[in-house]
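Undergrad: Just start_32.csv, nothing more (CSV, C-alpha atoms and all ligand atoms):
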```csv
chain,number,residue,atom,x,y,z
A,790,MET,CA,-102.3,-18.4,92.3
A,791,THR,CA,-100.8,-14.9,92.2
A,792,LEU,CA,-98.8,-13.9,89.2
A,793,ASN,CA,-95.6,-14.0,91.3
A,794,GLU,CA,-96.4,-17.6,92.3
A,795,ILE,CA,-97.0,-18.6,88.6
A,796,ALA,CA,-93.7,-17.0,87.5
A,797,LYS,CA,-91.9,-18.9,90.3
A,798,LYS,CA,-93.5,-22.2,89.3
A,799,MET,CA,-92.5,-21.7,85.7
A,800,CYS,CA,-88.9,-21.2,86.7
A,801,ALA,CA,-88.7,-23.4,89.8
A,802,LYS,CA,-85.2,-24.8,90.7
A,803,GLY,CA,-84.5,-27.8,88.5
A,804,LYS,CA,-87.2,-26.9,86.0
A,805,GLY,CA,-87.5,-24.5,83.0
A,806,ILE,CA,-89.7,-23.7,80.0
A,807,LEU,CA,-90.2,-25.6,76.8
A,808,ALA,CA,-90.7,-23.2,73.9
A,809,ALA,CA,-92.8,-25.1,71.5
A,810,ASP,CA,-94.5,-22.0,70.0
A,811,GLU,CA,-93.0,-22.2,66.6
A,812,SER,CA,-95.3,-20.4,64.2
A,813,THR,CA,-96.6,-22.5,61.2
A,814,GLY,CA,-93.8,-20.9,59.1
A,815,THR,CA,-91.0,-21.7,61.6
A,816,ILE,CA,-92.1,-25.3,62.2
A,817,ALA,CA,-92.2,-25.6,58.3
A,818,LYS,CA,-88.4,-24.9,58.3
A,819,ARG,CA,-87.8,-27.4,61.2
A,820,PHE,CA,-89.9,-30.1,59.5
A,821,LYS,CA,-88.2,-29.4,56.1
A,822,SER,CA,-84.9,-30.2,57.7
A,823,ILE,CA,-86.1,-33.7,58.6
A,824,ASN,CA,-88.2,-34.3,55.5
A,825,VAL,CA,-91.5,-34.3,57.3
A,826,GLU,CA,-94.6,-32.8,55.7
A,827,ASN,CA,-95.8,-29.6,57.5
A,828,ILE,CA,-99.5,-30.6,58.1
A,829,GLU,CA,-101.6,-30.2,61.2
A,830,LYS,CA,-101.6,-34.0,62.0
A,831,ASN,CA,-97.8,-34.1,62.0
A,832,ARG,CA,-97.4,-30.9,64.1
A,833,LEU,CA,-99.9,-32.4,66.7
A,834,ASN,CA,-98.2,-35.8,66.7
A,835,PHE,CA,-94.7,-34.3,67.4
A,836,ARG,CA,-95.9,-31.9,70.1
A,837,GLN,CA,-98.2,-34.2,71.9
A,838,THR,CA,-95.4,-36.8,72.0
A,839,LEU,CA,-93.1,-34.3,73.8
A,840,PHE,CA,-95.9,-33.0,76.1
A,841,ASN,CA,-96.6,-36.6,77.2
A,842,SER,CA,-93.0,-37.6,77.9
A,843,SER,CA,-91.8,-38.6,81.4
A,844,ALA,CA,-89.5,-35.6,81.6
A,845,MET,CA,-92.4,-33.2,81.8
A,846,LYS,CA,-93.2,-33.6,85.4
A,847,ASP,CA,-89.6,-33.4,86.7
A,848,TYR,CA,-88.0,-30.8,84.5
A,849,ILE,CA,-90.6,-28.6,82.7
A,850,GLY,CA,-92.4,-25.8,84.6
A,851,GLY,CA,-94.1,-24.3,81.6
A,852,VAL,CA,-94.8,-24.8,77.9
A,853,ILE,CA,-95.2,-22.0,75.4
A,854,LEU,CA,-97.7,-22.9,72.7
A,855,PHE,CA,-98.7,-21.5,69.3
A,856,ASP,CA,-102.3,-20.4,68.6
A,857,GLU,CA,-103.1,-23.6,66.6
A,858,THR,CA,-101.7,-25.9,69.3
A,859,ILE,CA,-103.6,-24.4,72.3
A,860,ARG,CA,-106.8,-25.2,70.5
A,861,GLN,CA,-105.9,-28.8,69.6
A,862,LYS,CA,-107.3,-31.9,71.2
A,863,THR,CA,-104.7,-34.7,71.5
A,864,THR,CA,-105.4,-38.2,70.2
A,865,LEU,CA,-104.7,-39.4,73.8
A,866,GLY,CA,-107.9,-37.9,75.2
A,867,PRO,CA,-107.3,-34.5,76.8
A,868,SER,CA,-106.8,-31.2,75.1
A,869,ILE,CA,-103.2,-29.9,74.7
A,870,PRO,CA,-103.5,-27.5,77.7
A,871,GLU,CA,-105.0,-30.2,79.8
A,872,LEU,CA,-102.2,-32.6,78.9
A,873,ILE,CA,-99.6,-30.1,80.0
A,874,SER,CA,-101.4,-29.2,83.2
A,875,LYS,CA,-101.7,-32.9,84.0
A,876,HIS,CA,-98.0,-33.2,84.1
A,877,GLY,CA,-97.7,-30.3,86.5
A,878,ALA,CA,-96.5,-27.6,84.0
A,879,VAL,CA,-98.2,-24.3,83.2
A,880,PRO,CA,-99.6,-23.8,79.7
A,881,GLY,CA,-98.6,-20.6,78.0
A,882,ILE,CA,-99.2,-18.9,74.7
A,883,LYS,CA,-97.2,-16.8,72.2
A,884,VAL,CA,-99.4,-13.8,71.5
A,885,ASP,CA,-97.2,-11.6,69.3
A,886,LYS,CA,-97.9,-11.6,65.5
A,887,GLY,CA,-94.3,-11.7,64.5
A,888,ALA,CA,-91.5,-9.3,63.7
A,889,LYS,CA,-92.4,-7.0,60.7
A,890,PRO,CA,-90.3,-4.5,58.8
A,891,LEU,CA,-89.8,-1.3,60.7
A,892,ALA,CA,-90.8,1.7,58.6
A,893,GLY,CA,-87.9,3.9,57.7
A,894,SER,CA,-85.3,1.3,58.7
A,895,ASN,CA,-83.4,-0.9,56.3
A,896,THR,CA,-83.6,-4.3,57.8
A,897,GLU,CA,-84.7,-3.9,61.3
A,898,THR,CA,-88.1,-5.1,62.7
A,899,ILE,CA,-90.9,-4.1,65.0
A,900,THR,CA,-92.9,-6.9,66.7
A,901,GLU,CA,-96.7,-6.5,66.0
A,902,GLY,CA,-99.8,-7.8,67.6
A,903,LEU,CA,-101.2,-5.2,70.0
A,904,ASP,CA,-104.5,-4.6,68.0
A,905,GLY,CA,-107.2,-6.7,69.5
A,906,LEU,CA,-104.8,-8.2,72.0
A,907,ARG,CA,-107.1,-7.6,75.0
A,908,GLU,CA,-109.8,-9.7,73.4
A,909,ARG,CA,-107.4,-12.5,72.3
A,910,LEU,CA,-106.0,-12.7,75.9
A,911,LYS,CA,-109.4,-13.3,77.3
A,912,GLU,CA,-109.9,-16.2,74.9
A,913,TYR,CA,-106.5,-17.7,75.7
A,914,TYR,CA,-107.2,-17.5,79.4
A,915,ASP,CA,-110.4,-19.4,78.9
A,916,LEU,CA,-108.5,-22.0,76.9
A,917,GLY,CA,-106.2,-22.5,79.9
A,918,ALA,CA,-103.2,-20.2,79.4
A,919,ARG,CA,-101.7,-18.7,82.5
A,920,PHE,CA,-98.7,-17.0,80.9
A,921,THR,CA,-97.8,-15.4,77.5
A,922,LYS,CA,-94.8,-14.6,75.4
A,923,TRP,CA,-93.9,-11.6,73.1
A,924,ARG,CA,-90.6,-11.6,71.3
A,925,ALA,CA,-88.8,-8.5,70.2
A,926,VAL,CA,-85.8,-8.9,67.9
A,927,TYR,CA,-82.6,-6.8,67.7
A,928,LYS,CA,-79.9,-7.1,65.1
A,929,ILE,CA,-76.3,-6.1,65.7
A,930,SER,CA,-74.2,-4.5,63.0
A,931,ASN,CA,-72.1,-1.3,62.8
A,932,GLU,CA,-75.3,0.8,62.6
A,933,PHE,CA,-77.8,-1.5,64.4
A,934,PRO,CA,-79.7,-1.7,66.6
A,935,SER,CA,-81.0,1.8,66.0
A,936,ALA,CA,-82.6,3.9,68.7
A,937,GLN,CA,-85.8,3.6,66.7
A,938,SER,CA,-85.7,-0.2,67.0
A,939,ILE,CA,-84.7,-0.2,70.7
A,940,LYS,CA,-87.4,2.4,71.7
A,941,SER,CA,-90.3,1.1,69.6
A,942,ASN,CA,-89.8,-2.5,70.5
A,943,ALA,CA,-89.5,-1.7,74.3
A,944,HIS,CA,-92.7,0.4,74.0
A,945,ALA,CA,-94.6,-2.5,72.4
A,946,LEU,CA,-93.3,-5.0,74.9
A,947,ALA,CA,-94.5,-2.8,77.8
A,948,ARG,CA,-97.9,-2.3,76.4
A,949,TYR,CA,-98.2,-6.0,75.8
A,950,ALA,CA,-97.1,-6.8,79.4
A,951,ALA,CA,-99.5,-4.4,80.9
A,952,LEU,CA,-102.4,-5.9,79.0
A,953,VAL,CA,-101.3,-9.5,79.9
A,954,GLN,CA,-101.3,-8.6,83.6
A,955,GLU,CA,-104.7,-7.0,83.3
A,956,ALA,CA,-105.8,-10.4,82.0
A,957,LYS,CA,-104.3,-12.1,85.0
A,958,MET,CA,-101.5,-13.9,83.2
A,959,VAL,CA,-97.7,-13.7,83.5
A,960,PRO,CA,-96.0,-11.9,80.6
A,961,ILE,CA,-92.7,-13.3,79.4
A,962,VAL,CA,-90.8,-10.3,78.2
A,963,GLU,CA,-88.4,-11.5,75.4
A,964,PRO,CA,-86.0,-8.9,74.0
A,965,GLU,CA,-83.8,-11.1,71.8
A,966,VAL,CA,-80.5,-9.7,70.7
A,967,LEU,CA,-79.6,-12.0,67.8
A,968,MET,CA,-76.4,-14.0,67.7
A,969,GLU,CA,-76.0,-13.5,63.9
A,970,GLY,CA,-73.0,-11.3,63.0
A,971,SER,CA,-69.3,-10.9,63.4
A,972,HIS,CA,-69.4,-8.7,66.6
A,973,ASN,CA,-67.5,-9.7,69.7
A,974,ILE,CA,-68.8,-10.6,73.1
A,975,ASP,CA,-68.3,-7.1,74.5
A,976,LYS,CA,-70.5,-5.6,71.7
A,977,CYS,CA,-73.2,-8.1,72.7
A,978,TYR,CA,-72.9,-7.0,76.3
A,979,GLN,CA,-73.2,-3.4,75.3
A,980,VAL,CA,-76.2,-3.8,73.1
A,981,THR,CA,-78.0,-6.1,75.6
A,982,THR,CA,-77.4,-3.5,78.3
A,983,ALA,CA,-79.1,-0.7,76.1
A,984,VAL,CA,-82.0,-3.0,75.2
A,985,LEU,CA,-82.7,-4.2,78.8
A,986,ASN,CA,-82.5,-0.6,80.1
A,987,GLU,CA,-85.0,0.7,77.6
A,988,CYS,CA,-87.4,-2.3,78.3
A,989,TYR,CA,-87.4,-1.8,82.0
A,990,ASN,CA,-87.8,2.0,81.6
A,991,GLU,CA,-91.0,1.4,79.5
A,992,LEU,CA,-92.3,-1.4,81.8
A,993,LYS,CA,-92.1,1.1,84.6
A,994,ILE,CA,-93.9,3.8,82.7
A,995,HIS,CA,-96.6,1.2,81.9
A,996,LYS,CA,-96.9,0.3,85.6
A,997,VAL,CA,-96.1,-3.4,85.0
A,998,ASP,CA,-95.7,-5.3,88.3
A,999,LEU,CA,-92.2,-6.8,87.7
A,1000,LYS,CA,-92.9,-9.5,90.4
A,1001,GLY,CA,-95.4,-11.0,88.0
A,1002,THR,CA,-93.1,-11.2,85.0
A,1003,VAL,CA,-90.4,-13.5,83.6
A,1004,LEU,CA,-87.5,-12.1,81.5
A,1005,LYS,CA,-86.4,-14.2,78.5
A,1006,PRO,CA,-83.1,-12.8,77.3
A,1007,ASN,CA,-80.2,-13.9,75.1
A,1008,MET,CA,-76.9,-14.9,76.8
A,1009,ILE,CA,-73.9,-12.6,76.4
A,1010,ILE,CA,-72.0,-14.4,73.6
A,1011,PRO,CA,-69.9,-13.5,70.6
A,1012,GLY,CA,-71.6,-13.3,67.2
A,1013,SER,CA,-71.8,-16.5,65.3
A,1014,GLU,CA,-69.2,-15.3,62.8
A,1015,CYS,CA,-66.9,-13.7,65.4
A,1016,LYS,CA,-63.3,-15.1,65.2
A,1017,ASP,CA,-62.8,-14.6,69.0
A,1018,LYS,CA,-64.5,-17.5,70.6
A,1019,ALA,CA,-65.5,-17.2,74.3
A,1020,SER,CA,-65.2,-19.9,77.0
A,1021,ALA,CA,-68.4,-21.0,78.9
A,1022,GLU,CA,-66.8,-19.3,82.0
A,1023,GLU,CA,-66.5,-15.9,80.2
A,1024,ILE,CA,-70.0,-16.2,78.8
A,1025,ALA,CA,-71.4,-17.0,82.3
A,1026,LYS,CA,-69.5,-14.2,84.0
A,1027,LYS,CA,-70.5,-11.5,81.5
A,1028,THR,CA,-74.1,-12.7,81.3
A,1029,LEU,CA,-74.6,-12.7,85.0
A,1030,ASP,CA,-72.9,-9.4,85.4
A,1031,CYS,CA,-75.1,-7.8,82.6
A,1032,LEU,CA,-78.3,-9.2,84.3
A,1033,LYS,CA,-77.4,-8.1,87.8
A,1034,LYS,CA,-76.6,-4.6,86.6
A,1035,ASN,CA,-79.7,-4.1,84.3
A,1036,VAL,CA,-82.6,-6.3,85.5
A,1037,PRO,CA,-84.5,-4.9,88.6
A,1038,GLU,CA,-84.4,-7.2,91.6
A,1039,ASP,CA,-88.2,-7.6,91.6
A,1040,VAL,CA,-88.1,-9.8,88.5
A,1041,PRO,CA,-88.4,-13.4,90.0
A,1042,GLY,CA,-87.3,-15.5,87.0
A,1043,ILE,CA,-84.9,-15.3,84.0
A,1044,ALA,CA,-85.3,-18.0,81.4
A,1045,PHE,CA,-82.8,-17.9,78.5
A,1046,LEU,CA,-83.6,-18.6,74.8
A,1047,SER,CA,-81.0,-20.9,73.1
A,1048,GLY,CA,-80.9,-18.7,70.0
A,1049,GLY,CA,-79.0,-21.0,67.7
A,1050,GLN,CA,-76.5,-22.5,70.2
A,1051,SER,CA,-76.2,-26.2,70.0
A,1052,GLU,CA,-78.0,-28.4,72.5
A,1053,VAL,CA,-74.9,-29.2,74.6
A,1054,GLU,CA,-73.6,-25.6,74.4
A,1055,SER,CA,-76.8,-24.2,75.7
A,1056,SER,CA,-76.8,-26.6,78.6
A,1057,LYS,CA,-73.2,-26.0,79.4
A,1058,ASN,CA,-73.5,-22.2,79.3
A,1059,LEU,CA,-76.6,-22.2,81.5
A,1060,ASN,CA,-74.8,-24.5,83.9
A,1061,GLU,CA,-71.8,-22.2,84.2
A,1062,ILE,CA,-74.2,-19.2,84.9
A,1063,ASN,CA,-75.9,-21.1,87.7
A,1064,LYS,CA,-72.6,-22.2,89.2
A,1065,ILE,CA,-71.8,-18.6,89.9
A,1066,ASN,CA,-75.3,-17.2,90.4
A,1067,ASP,CA,-75.2,-15.2,93.6
A,1068,SER,CA,-78.3,-13.2,92.7
A,1069,ASN,CA,-81.9,-13.8,93.9
A,1070,PHE,CA,-83.0,-14.5,90.3
A,1071,LEU,CA,-84.2,-18.0,89.4
A,1072,ILE,CA,-82.1,-18.6,86.3
A,1073,THR,CA,-83.2,-21.3,83.9
A,1074,PHE,CA,-84.0,-22.2,80.3
A,1075,SER,CA,-86.8,-21.4,77.9
A,1076,TYR,CA,-85.4,-23.3,75.0
A,1077,GLY,CA,-86.9,-24.2,71.6
A,1078,ARG,CA,-84.1,-25.7,69.5
A,1079,GLY,CA,-82.0,-26.3,72.6
A,1080,LEU,CA,-84.6,-28.8,73.9
A,1081,GLN,CA,-86.1,-30.2,70.7
A,1082,ALA,CA,-83.3,-30.6,68.1
A,1083,SER,CA,-82.5,-34.3,68.9
A,1084,ALA,CA,-86.1,-35.2,69.4
A,1085,LEU,CA,-86.9,-33.6,66.0
A,1086,LYS,CA,-84.2,-35.7,64.4
A,1087,GLU,CA,-85.7,-38.9,65.9
A,1088,PHE,CA,-89.2,-37.8,64.6
A,1089,GLY,CA,-87.7,-37.4,61.2
A,1090,LYS,CA,-86.3,-41.0,61.3
A,1091,ASN,CA,-89.5,-42.6,62.3
A,1092,GLN,CA,-92.6,-40.6,63.3
A,1093,GLU,CA,-94.2,-43.7,65.0
A,1094,ASN,CA,-91.2,-44.5,67.3
A,1095,LEU,CA,-92.5,-42.5,70.2
A,1096,GLU,CA,-90.0,-44.2,72.6
A,1097,ASN,CA,-87.0,-42.8,70.7
A,1098,ILE,CA,-88.5,-39.4,70.3
A,1099,GLN,CA,-89.3,-39.2,74.0
A,1100,LYS,CA,-85.9,-40.6,75.0
A,1101,ALA,CA,-84.2,-37.8,73.1
A,1102,PHE,CA,-86.4,-35.2,74.7
A,1103,ASN,CA,-86.2,-36.6,78.2
A,1104,HIS,CA,-82.4,-36.5,78.0
A,1105,ARG,CA,-82.3,-32.8,77.0
A,1106,ALA,CA,-84.9,-31.9,79.6
A,1107,LYS,CA,-82.9,-33.7,82.3
A,1108,MET,CA,-79.6,-32.1,81.2
A,1109,ASN,CA,-81.1,-28.6,81.3
A,1110,GLY,CA,-82.8,-29.4,84.6
A,1111,LEU,CA,-79.4,-30.1,86.0
A,1112,SER,CA,-78.0,-26.9,84.4
A,1113,SER,CA,-80.7,-24.9,86.1
A,1114,LYS,CA,-79.1,-26.0,89.4
A,1115,GLY,CA,-75.5,-25.8,88.3
A,1116,GLU,CA,-75.2,-29.5,88.5
A,1117,TRP,CA,-74.6,-30.5,84.9
A,1118,THR,CA,-71.4,-32.2,83.9
A,1119,GLU,CA,-69.9,-33.6,80.6
A,1120,ASP,CA,-70.3,-37.0,82.2
A,1121,SER,CA,-74.0,-36.6,82.9
A,1122,GLU,CA,-74.4,-36.1,79.1
A,1123,LYS,CA,-72.9,-39.6,78.5
A,1124,GLU,CA,-74.6,-41.4,81.4
A,1125,SER,CA,-78.1,-40.3,80.7
A,1126,ALA,CA,-77.8,-40.7,76.9
A,1127,ALA,CA,-76.6,-44.3,77.3
B,1,LIG,P1,-84.7,-21.0,70.7
B,1,LIG,O1,-84.4,-21.5,72.1
B,1,LIG,O2,-84.7,-22.0,69.6
B,1,LIG,O3,-84.0,-19.7,70.4
B,1,LIG,O4,-86.3,-20.5,70.8
B,1,LIG,C1,-86.7,-19.9,71.9
B,1,LIG,C2,-87.8,-19.0,71.5
B,1,LIG,O5,-88.9,-19.1,72.0
B,1,LIG,C3,-87.5,-17.8,70.7
B,1,LIG,O6,-88.5,-16.9,70.7
```
Can you dump the structure from the file as structure tokens?

TA:
Amino acid sequence: MTLNEIAKKMCAKGKGILAADESTGTIAKRFKSINVENIEKNRLNFRQTLFNSSAMKDYIGGVILFDETIRQKTTLGPSIPELISKHGAVPGIKVDKGAKPLAGSNTETITEGLDGLRERLKEYYDLGARFTKWRAVYKISNEFPSAQSIKSNAHALARYAALVQEAKMVPIVEPEVLMEGSHNIDKCYQVTTAVLNECYNELKIHKVDLKGTVLKPNMIIPGSECKDKASAEEIAKKTLDCLKKNVPEDVPGIAFLSGGQSEVESSKNLNEINKINDSNFLITFSYGRGLQASALKEFGKNQENLENIQKAFNHRAKMNGLSSKGEWTEDSEKESAA
């Protein structure tokens, strides 16, 4: 398959991406919230339960894994990447080494992980990965994000993407403008515009073939502490407008992060975007919390009750599958959950 074909498969209409690439530190926080011990056996149990659920074949085009997970063998027989491929989804891998303090800046970060990346990519390809993810993080405040943060993160994203294509995999380019803060929706629009422009500027300099990439952006939404709430219609209109103006047409797929929105909110907003999508972009989800929060709660209640865990996951996957076609409704939430 060409990189363009893989990108389109990951974002195919009715499907999206499951972001299950929480680092050991992040999954520790998730497990703490449900009182589950953060040990390898529990991490494997939760993830293989999701990857073996019936929703996989209908609604999931790709799964992003963490380094530990891509090397694991399931207790069901196949390895984790084999289990994912068996259900028709593409296995992928997070390859960045996290957001580290940016020298000379108070609280901003630079995402690291370029050293030795070429060698690591070869190993991940051999383990079955066909796409990768790298997440850059931008904070909004009166003084942030700084030019230093915008420029250095875009440069790293582009060097990453070029190496990934050299290794014959599709890079997910994830510049995440965080939702935390009291800024309004227009500030989010303005910052996201600056961030996307710098990213595509660097991707061009580094000769990345945009047809073989997927963009994973934030939606255009007000900060979590902003008093002026926005309707799903406004979020959709501003998000689509921002993407159409700042993302080159060669990019085949755009898969949003949920970024702290609730499960239903993230489905509703994605749905509104697809209802008015008049672009050629395949627009879908690449959710972590947006797909897993309910399933995680069930796992916390009883780790052995695979049926309930899978039921919760199947429901969210189906809802987001509908949203990726603009066919989600409040009623579909109730029908399918019942
Ligand atoms: P959330 O959907 O929980 O924001 O996670 C997506 C992700 O992969 C962030 O890097």

Undergrad: Restricting the calculation to only C-alpha atoms and all ligand atoms: of A:Asp904, A:Asp856, A:Asp810, A:Glu1119, which residue gets closest to ligand LIG 1 (chain B)?

TA: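 The closest residue to ligand LIG 1 (chain B) is A:Asp810.
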
Undergrad: In the coordinate frame of the file, compute which residues have an atom within 12 Å of (-66.0, -17.5, 77.4) when using all atoms listed in the file, and state them as a PyMOL selection string.

TA: chain A and resi 973-975+1008-1011+1017-1028+1054+1057-1058+1061-1062

Undergrad: Could you check how far atom CA of Lys1100 of chain A sits from atom CA of Ile873 of chain A, in Å to one decimal?

TA: 18.0 Å

Undergrad: Please indicate the distance in Å from atom CA of Lys922 of chain A to atom CA of Gly970 of chain A, rounded to one decimal place.

TA: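 Between atom CA of Lys922 of chain A and atom CA of Gly970 of chain A the gap is 25.3 Å.
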
Undergrad: Do you know which residues lie at most 12 Å from (-92.7, -3.4, 86.7), with coordinates as in the file and only C-alpha atoms counted, and could you write them as a ChimeraX atom specification?

TA: /A:793,946-948,950-951,954,959-960,962,988-1004,1036-1041

Undergrad: Which residues, written as a PDB file with C-alpha atoms, in the coordinates of the input, have at least one atom at most 12 Å from Glu897 of chain A, with all atoms listed in the file counted and residues fewer than 4 positions away on the same chain left out?

TA:
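The resulting file, result.pdb, is shown below:
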```
ATOM      1  CA  ALA A 888     -91.500  -9.300  63.700  1.00  0.00           C
ATOM      2  CA  LYS A 889     -92.400  -7.000  60.700  1.00  0.00           C
ATOM      3  CA  PRO A 890     -90.300  -4.500  58.800  1.00  0.00           C
ATOM      4  CA  LEU A 891     -89.800  -1.300  60.700  1.00  0.00           C
ATOM      5  CA  ALA A 892     -90.800   1.700  58.600  1.00  0.00           C
ATOM      6  CA  GLY A 893     -87.900   3.900  57.700  1.00  0.00           C
ATOM      7  CA  ALA A 925     -88.800  -8.500  70.200  1.00  0.00           C
ATOM      8  CA  VAL A 926     -85.800  -8.900  67.900  1.00  0.00           C
ATOM      9  CA  TYR A 927     -82.600  -6.800  67.700  1.00  0.00           C
ATOM     10  CA  LYS A 928     -79.900  -7.100  65.100  1.00  0.00           C
ATOM     11  CA  ILE A 929     -76.300  -6.100  65.700  1.00  0.00           C
ATOM     12  CA  SER A 930     -74.200  -4.500  63.000  1.00  0.00           C
ATOM     13  CA  GLU A 932     -75.300   0.800  62.600  1.00  0.00           C
ATOM     14  CA  PHE A 933     -77.800  -1.500  64.400  1.00  0.00           C
ATOM     15  CA  PRO A 934     -79.700  -1.700  66.600  1.00  0.00           C
ATOM     16  CA  SER A 935     -81.000   1.800  66.000  1.00  0.00           C
ATOM     17  CA  ALA A 936     -82.600   3.900  68.700  1.00  0.00           C
ATOM     18  CA  GLN A 937     -85.800   3.600  66.700  1.00  0.00           C
ATOM     19  CA  SER A 938     -85.700  -0.200  67.000  1.00  0.00           C
ATOM     20  CA  ILE A 939     -84.700  -0.200  70.700  1.00  0.00           C
ATOM     21  CA  SER A 941     -90.300   1.100  69.600  1.00  0.00           C
ATOM     22  CA  ASN A 942     -89.800  -2.500  70.500  1.00  0.00           C
ATOM     23  CA  VAL A 966     -80.500  -9.700  70.700  1.00  0.00           C
ATOM     24  CA  LEU A 967     -79.600 -12.000  67.800  1.00  0.00           C
TER      25      LEU A 967
END
```

Undergrad: As a quick test: using all atoms listed in the file, which residues lie no more than 10 Å away from ligand LIG 1 (chain B)? Give them as number ranges by chain.

TA: A: 806-811, 853-854, 883, 887, 922-926, 963-965, 967-968, 1005-1007, 1044-1052, 1055, 1074-1082

Undergrad: Please indicate the distance in Å from atom CA of Ala945 of chain A to atom CA of Lys976 of chain A, rounded to one decimal place.

TA: 24.3 Å

Undergrad: Kindly indicate which residue among A:Phe840, A:Ala878, A:Thr896, A:Gly805 lies nearest to Ser1056 of chain A, using only C-alpha atoms for the distances.

TA: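 Nearest to Ser1056 of chain A: A:Gly805.
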
Undergrad: Show which residues sit within 10 Å of Leu865 of chain A, as a list in words. Count all atoms listed in the file, and ignore same-chain residues fewer than 4 positions away.

TA: Gln837, Thr838, Asn841, Ile869 and Leu872 of chain A

Undergrad: Counting all atoms listed in the file, figure out which residue out of A:Arg860, A:His944, A:Arg819, A:Lys1064 gets nearest to Glu912 of chain A.

TA: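 That would be A:Arg860, the residue with the smallest distance to Glu912 of chain A.
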
Undergrad: Using only C-alpha atoms, which of the listed residues (A:Thr921, A:Asn834, A:Asn986, A:Asn1066) sits closest to Glu1093 of chain A?

TA: A:Asn834

Undergrad: Which residues are close to Met790 of chain A, i.e. within 12 Å by all atoms listed in the file, leaving aside same-chain residues fewer than 5 positions away? Reply as an MDAnalysis selection string.

TA: chainID A and resid 795:798 879 919 957:959 1001

Undergrad: Would you write out those residues with C-alpha atoms, as a compact mmCIF listing (two decimals), keeping the file's coordinate frame?

TA:
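So result.txt came out as:
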```
# COMPACT_ATOMS: atom_id res chain seq x y z
CA ILE A 795 -97.00 -18.60 88.60
CA ALA A 796 -93.70 -17.00 87.50
CA LYS A 797 -91.90 -18.90 90.30
CA LYS A 798 -93.50 -22.20 89.30
CA VAL A 879 -98.20 -24.30 83.20
CA ARG A 919 -101.70 -18.70 82.50
CA LYS A 957 -104.30 -12.10 85.00
CA MET A 958 -101.50 -13.90 83.20
CA VAL A 959 -97.70 -13.70 83.50
CA GLY A 1001 -95.40 -11.00 88.00
```
